[in-house]
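Worksheet for the structure shown next.
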Amino acid sequence: CSKTYAVLLCEFRTEKDHNPRIEWKKKGKGVTFVYFNNKFTGSYAGRAQIEGATLTIHSVTLKDSGEYRCEVTASEDHVSLGEATVTLSVLVPPHVPSCDVPSSVFIGADLELLCKDKLSVPPATYSWYKDNKPLKATGDTPYSVDTKKGTLQKLQSVSKADSGMYRCESSNSVGAPKSCVAQQLKVLDYQHNPNHLRRLCSLWYFPKQVQEKIKTGRKQDRKPLLLVYHNNRLLHLNN
């Protein structure tokens, strides 16, 4: 944005006053001066210029977006004050998005990929690619792609065919699309390995024949009930 500039037009004619007072203000949470007493103030000093009442801002940044007011005061005229409001919208082309692709996932698990470009204005829309081919929700590829949020999901149906190189592309109406570097996703066969499991809970249950003995507190009459889950799916139940 360092080479960009914005011209905020303000034109006027006076009756008698040949040297009217010109001021520019910017509205935000409050009102701040941009040009006052024939000088630029704050961040505008050194990068703005005025010709007549028209304001030119150089090295425009996103912070310069907002509503500006031009005020012309001609004390010698019948109508002493004139003003005009100009809205400046700073547009930002797509930036390289941040992409979150897991390195591996198990067969049958849920899959969610994330993509975000926080800088582009207007907000970016997103597309996902696998092995440089666009991913869209079809019968053959049951992916769910949210083009506004940048998410790609495939629920409880991941297969070996989903292994590959994934990348996301952000785009808007201002500039060329930008893509993150492709990241590899591997789909793994599930192995009954305790390291891959999550013990959800361990509870006690009581066989009917010893329910009457519960009151005695005999722990040996109780049997552990073990529930083991992986990706929210029950894998093991001992009873």
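In the structure tokens, the first chain shown is A, the next is B, and so on; residue numbers restart at 1 for each chain, and ligands run from 1 in the order shown.
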Please provide the set of residues having any atom within 12 Å of Leu113 (chain A), restricted to only C-alpha atoms, with same-chain residues fewer than 3 positions apart removed, written as a VMD selection string.
-> chain A and resid 98 to 105 110 116 126 to 130 143 to 146 149 to 155 166 to 168 183 to 185
Of A:Lys16, A:Lys160, A:Lys178, A:Lys39, the one sitting nearest Tyr190 (chain A) when using only C-alpha atoms is A:Lys160
If you run DSSP over the backbone, which residues in region 1-66 of chain A end up strand (DSSP E or B)? Put them as a PyMOL selection string.
-> chain A and resi 5-8+21-27+31-36+39-40+48-51+54-58+66
Can you list, as a list in words, every protein, DNA or RNA residue that comes within 9 Å of Glu83 (chain A) when you count only C-alpha atoms, leaving out same-chain residues fewer than 4 positions away?
-> Cys10, Arg69, Cys70, Glu71, Val72 and Thr73 of chain A
Could you name the residues that touch region 27-36 of chain A at 10 Å or less, counting only C-alpha atoms, but leaving out those on the same chain fewer than 2 positions away, as a JSON list (two decimals) with all heavy atoms, in the first residue's frame?
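Below is the file that was written, part30.json:
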```json
[["chain", "number", "residue", "atom", "x", "y", "z"],
["A", 21, "ARG", "N", -11.27, 29.84, 5.41],
["A", 21, "ARG", "CA", -10.60, 28.86, 6.27],
["A", 21, "ARG", "C", -11.05, 27.46, 5.85],
["A", 21, "ARG", "O", -12.24, 27.19, 5.73],
["A", 21, "ARG", "CB", -10.93, 29.10, 7.73],
["A", 21, "ARG", "CG", -10.11, 28.20, 8.67],
["A", 21, "ARG", "CD", -10.34, 28.50, 10.15],
["A", 21, "ARG", "NE", -11.61, 27.93, 10.62],
["A", 21, "ARG", "CZ", -12.61, 28.64, 11.05],
["A", 21, "ARG", "NH1", -12.56, 29.98, 11.04],
["A", 21, "ARG", "NH2", -13.73, 28.06, 11.48],
["A", 22, "ILE", "N", -10.07, 26.58, 5.65],
["A", 22, "ILE", "CA", -10.36, 25.21, 5.20],
["A", 22, "ILE", "C", -9.91, 24.25, 6.30],
["A", 22, "ILE", "O", -8.77, 24.33, 6.79],
["A", 22, "ILE", "CB", -9.65, 24.90, 3.87],
["A", 22, "ILE", "CG1", -10.18, 25.84, 2.78],
["A", 22, "ILE", "CG2", -9.87, 23.44, 3.47],
["A", 22, "ILE", "CD1", -9.38, 25.77, 1.50],
["A", 23, "GLU", "N", -10.80, 23.32, 6.63],
["A", 23, "GLU", "CA", -10.47, 22.30, 7.63],
["A", 23, "GLU", "C", -10.96, 20.94, 7.13],
["A", 23, "GLU", "O", -11.99, 20.84, 6.46],
["A", 23, "GLU", "CB", -11.14, 22.61, 8.97],
["A", 23, "GLU", "CG", -10.64, 23.87, 9.63],
["A", 23, "GLU", "CD", -11.38, 24.18, 10.92],
["A", 23, "GLU", "OE1", -12.33, 23.42, 11.27],
["A", 23, "GLU", "OE2", -11.04, 25.17, 11.60],
["A", 24, "TRP", "N", -10.18, 19.91, 7.47],
["A", 24, "TRP", "CA", -10.60, 18.52, 7.22],
["A", 24, "TRP", "C", -10.62, 17.79, 8.56],
["A", 24, "TRP", "O", -9.70, 17.91, 9.36],
["A", 24, "TRP", "CB", -9.64, 17.82, 6.27],
["A", 24, "TRP", "CG", -9.94, 18.04, 4.80],
["A", 24, "TRP", "CD1", -9.43, 19.01, 4.00],
["A", 24, "TRP", "CD2", -10.82, 17.27, 4.00],
["A", 24, "TRP", "NE1", -9.93, 18.91, 2.74],
["A", 24, "TRP", "CE2", -10.80, 17.83, 2.70],
["A", 24, "TRP", "CE3", -11.64, 16.16, 4.21],
["A", 24, "TRP", "CZ2", -11.54, 17.32, 1.64],
["A", 24, "TRP", "CZ3", -12.38, 15.65, 3.16],
["A", 24, "TRP", "CH2", -12.33, 16.23, 1.89],
["A", 25, "LYS", "N", -11.68, 17.01, 8.76],
["A", 25, "LYS", "CA", -11.81, 16.23, 9.98],
["A", 25, "LYS", "C", -12.18, 14.79, 9.62],
["A", 25, "LYS", "O", -12.77, 14.54, 8.56],
["A", 25, "LYS", "CB", -12.90, 16.82, 10.88],
["A", 25, "LYS", "CG", -12.64, 18.26, 11.31],
["A", 25, "LYS", "CD", -13.81, 18.84, 12.07],
["A", 25, "LYS", "CE", -13.57, 20.31, 12.43],
["A", 25, "LYS", "NZ", -14.74, 20.92, 13.12],
["A", 38, "ASN", "N", -4.07, 25.53, 8.63],
["A", 38, "ASN", "CA", -3.12, 25.44, 7.50],
["A", 38, "ASN", "C", -2.02, 24.40, 7.71],
["A", 38, "ASN", "O", -0.96, 24.49, 7.07],
["A", 38, "ASN", "CB", -2.49, 26.81, 7.22],
["A", 38, "ASN", "CG", -3.50, 27.84, 6.78],
["A", 38, "ASN", "OD1", -4.42, 27.52, 6.01],
["A", 38, "ASN", "ND2", -3.36, 29.07, 7.26],
["A", 39, "LYS", "N", -2.26, 23.41, 8.56],
["A", 39, "LYS", "CA", -1.27, 22.36, 8.79],
["A", 39, "LYS", "C", -1.96, 21.01, 8.91],
["A", 39, "LYS", "O", -3.09, 20.91, 9.40],
["A", 39, "LYS", "CB", -0.47, 22.63, 10.08],
["A", 39, "LYS", "CG", 0.44, 23.86, 10.01],
["A", 39, "LYS", "CD", 1.33, 23.95, 11.26],
["A", 39, "LYS", "CE", 0.49, 24.11, 12.52],
["A", 39, "LYS", "NZ", 1.38, 24.29, 13.72],
["A", 40, "PHE", "N", -1.23, 19.97, 8.48],
["A", 40, "PHE", "CA", -1.71, 18.60, 8.68],
["A", 40, "PHE", "C", -1.31, 18.14, 10.07],
["A", 40, "PHE", "O", -0.25, 18.52, 10.59],
["A", 40, "PHE", "CB", -1.15, 17.65, 7.62],
["A", 40, "PHE", "CG", -1.75, 17.86, 6.26],
["A", 40, "PHE", "CD1", -1.08, 18.59, 5.29],
["A", 40, "PHE", "CD2", -3.01, 17.35, 5.97],
["A", 40, "PHE", "CE1", -1.64, 18.80, 4.05],
["A", 40, "PHE", "CE2", -3.58, 17.57, 4.71],
["A", 40, "PHE", "CZ", -2.90, 18.29, 3.76],
["A", 41, "THR", "N", -2.13, 17.30, 10.65],
["A", 41, "THR", "CA", -1.87, 16.85, 12.01],
["A", 41, "THR", "C", -1.65, 15.34, 12.06],
["A", 41, "THR", "O", -2.00, 14.61, 11.13],
["A", 41, "THR", "CB", -3.07, 17.20, 12.93],
["A", 41, "THR", "OG1", -4.22, 16.45, 12.50],
["A", 41, "THR", "CG2", -3.39, 18.68, 12.88],
["A", 42, "GLY", "N", -1.06, 14.88, 13.16],
["A", 42, "GLY", "CA", -0.90, 13.46, 13.42],
["A", 42, "GLY", "C", -0.21, 12.71, 12.31],
["A", 42, "GLY", "O", 0.79, 13.17, 11.74],
["A", 43, "SER", "N", -0.76, 11.54, 11.96],
["A", 43, "SER", "CA", -0.14, 10.67, 10.96],
["A", 43, "SER", "C", -0.22, 11.23, 9.55],
["A", 43, "SER", "O", 0.43, 10.72, 8.63],
["A", 43, "SER", "CB", -0.79, 9.29, 10.99],
["A", 43, "SER", "OG", -2.16, 9.38, 10.60],
["A", 44, "TYR", "N", -1.01, 12.28, 9.35],
["A", 44, "TYR", "CA", -1.16, 12.86, 8.00],
["A", 44, "TYR", "C", -0.04, 13.83, 7.67],
["A", 44, "TYR", "O", 0.18, 14.15, 6.51],
["A", 44, "TYR", "CB", -2.52, 13.57, 7.88],
["A", 44, "TYR", "CG", -3.68, 12.63, 8.10],
["A", 44, "TYR", "CD1", -4.26, 12.49, 9.35],
["A", 44, "TYR", "CD2", -4.17, 11.87, 7.04],
["A", 44, "TYR", "CE1", -5.32, 11.61, 9.55],
["A", 44, "TYR", "CE2", -5.23, 10.99, 7.23],
["A", 44, "TYR", "CZ", -5.79, 10.87, 8.50],
["A", 44, "TYR", "OH", -6.84, 9.99, 8.69],
["A", 45, "ALA", "N", 0.67, 14.30, 8.68],
["A", 45, "ALA", "CA", 1.79, 15.22, 8.45],
["A", 45, "ALA", "C", 2.87, 14.53, 7.64],
["A", 45, "ALA", "O", 3.31, 13.42, 7.96],
["A", 45, "ALA", "CB", 2.35, 15.70, 9.79],
["A", 48, "ALA", "N", 0.39, 13.98, 3.26],
["A", 48, "ALA", "CA", -0.85, 14.50, 2.68],
["A", 48, "ALA", "C", -0.60, 15.90, 2.12],
["A", 48, "ALA", "O", 0.34, 16.60, 2.54],
["A", 48, "ALA", "CB", -1.95, 14.54, 3.74],
["A", 49, "GLN", "N", -1.40, 16.27, 1.17],
["A", 49, "GLN", "CA", -1.29, 17.61, 0.60],
["A", 49, "GLN", "C", -2.69, 18.11, 0.26],
["A", 49, "GLN", "O", -3.63, 17.32, 0.14],
["A", 49, "GLN", "CB", -0.41, 17.60, -0.66],
["A", 49, "GLN", "CG", -0.97, 16.79, -1.81],
["A", 49, "GLN", "CD", 0.00, 16.66, -2.96],
["A", 49, "GLN", "OE1", 1.07, 16.06, -2.80],
["A", 49, "GLN", "NE2", -0.37, 17.22, -4.12],
["A", 50, "ILE", "N", -2.80, 19.45, 0.14],
["A", 50, "ILE", "CA", -4.10, 20.04, -0.14],
["A", 50, "ILE", "C", -3.97, 21.01, -1.30],
["A", 50, "ILE", "O", -2.97, 21.74, -1.42],
["A", 50, "ILE", "CB", -4.66, 20.74, 1.12],
["A", 50, "ILE", "CG1", -6.16, 20.99, 0.96],
["A", 50, "ILE", "CG2", -3.90, 22.00, 1.45],
["A", 50, "ILE", "CD1", -6.88, 21.21, 2.27],
["A", 55, "LEU", "N", -8.24, 17.17, -0.78],
["A", 55, "LEU", "CA", -7.23, 16.51, 0.05],
["A", 55, "LEU", "C", -6.70, 15.27, -0.66],
["A", 55, "LEU", "O", -7.47, 14.45, -1.15],
["A", 55, "LEU", "CB", -7.85, 16.12, 1.40],
["A", 55, "LEU", "CG", -7.02, 15.27, 2.35],
["A", 55, "LEU", "CD1", -5.81, 16.04, 2.86],
["A", 55, "LEU", "CD2", -7.88, 14.78, 3.51],
["A", 65, "SER", "N", -9.19, 4.26, 6.32],
["A", 65, "SER", "CA", -10.60, 4.10, 5.96],
["A", 65, "SER", "C", -11.48, 4.87, 6.94],
["A", 65, "SER", "O", -11.18, 4.98, 8.12],
["A", 65, "SER", "CB", -11.00, 2.62, 6.00],
["A", 65, "SER", "OG", -10.32, 1.88, 5.02],
["A", 66, "GLY", "N", -12.56, 5.43, 6.44],
["A", 66, "GLY", "CA", -13.48, 6.12, 7.33],
["A", 66, "GLY", "C", -14.19, 7.27, 6.64],
["A", 66, "GLY", "O", -14.09, 7.47, 5.43],
["A", 67, "GLU", "N", -14.88, 8.05, 7.44],
["A", 67, "GLU", "CA", -15.66, 9.18, 6.95],
["A", 67, "GLU", "C", -14.94, 10.49, 7.25],
["A", 67, "GLU", "O", -14.57, 10.75, 8.41],
["A", 67, "GLU", "CB", -17.04, 9.18, 7.61],
["A", 67, "GLU", "CG", -18.00, 10.22, 7.05],
["A", 67, "GLU", "CD", -19.39, 10.11, 7.65],
["A", 67, "GLU", "OE1", -20.07, 9.08, 7.40],
["A", 67, "GLU", "OE2", -19.79, 11.03, 8.40],
["A", 68, "TYR", "N", -14.72, 11.28, 6.23],
["A", 68, "TYR", "CA", -14.02, 12.56, 6.33],
["A", 68, "TYR", "C", -15.00, 13.71, 6.05],
["A", 68, "TYR", "O", -15.92, 13.56, 5.23],
["A", 68, "TYR", "CB", -12.85, 12.62, 5.35],
["A", 68, "TYR", "CG", -11.72, 11.66, 5.66],
["A", 68, "TYR", "CD1", -11.83, 10.31, 5.36],
["A", 68, "TYR", "CD2", -10.54, 12.12, 6.23],
["A", 68, "TYR", "CE1", -10.78, 9.42, 5.63],
["A", 68, "TYR", "CE2", -9.48, 11.25, 6.50],
["A", 68, "TYR", "CZ", -9.62, 9.91, 6.19],
["A", 68, "TYR", "OH", -8.59, 9.04, 6.47],
["A", 69, "ARG", "N", -14.75, 14.83, 6.71],
["A", 69, "ARG", "CA", -15.59, 16.01, 6.48],
["A", 69, "ARG", "C", -14.74, 17.22, 6.12],
["A", 69, "ARG", "O", -13.78, 17.54, 6.82],
["A", 69, "ARG", "CB", -16.43, 16.32, 7.72],
["A", 69, "ARG", "CG", -17.46, 17.43, 7.46],
["A", 69, "ARG", "CD", -18.47, 17.56, 8.57],
["A", 69, "ARG", "NE", -17.88, 18.12, 9.78],
["A", 69, "ARG", "CZ", -17.95, 17.54, 10.97],
["A", 69, "ARG", "NH1", -18.55, 16.38, 11.10],
["A", 69, "ARG", "NH2", -17.42, 18.12, 12.03],
["A", 70, "CYS", "N", -15.10, 17.82, 5.01],
["A", 70, "CYS", "CA", -14.44, 19.05, 4.55],
["A", 70, "CYS", "C", -15.31, 20.23, 4.98],
["A", 70, "CYS", "O", -16.51, 20.25, 4.71],
["A", 70, "CYS", "CB", -14.27, 19.01, 3.03],
["A", 70, "CYS", "SG", -13.75, 20.58, 2.29],
["A", 85, "THR", "N", -19.13, 15.71, 3.03],
["A", 85, "THR", "CA", -18.67, 14.47, 3.65],
["A", 85, "THR", "C", -18.22, 13.50, 2.56],
["A", 85, "THR", "O", -18.90, 13.31, 1.55],
["A", 85, "THR", "CB", -19.77, 13.83, 4.50],
["A", 85, "THR", "OG1", -20.14, 14.74, 5.54],
["A", 85, "THR", "CG2", -19.29, 12.53, 5.13],
["A", 87, "THR", "N", -16.52, 9.53, 2.08],
["A", 87, "THR", "CA", -16.18, 8.25, 2.70],
["A", 87, "THR", "C", -15.05, 7.60, 1.93],
["A", 87, "THR", "O", -15.13, 7.43, 0.70],
["A", 87, "THR", "CB", -17.39, 7.31, 2.74],
["A", 87, "THR", "OG1", -18.43, 7.91, 3.51],
["A", 87, "THR", "CG2", -17.02, 5.97, 3.38]]
```
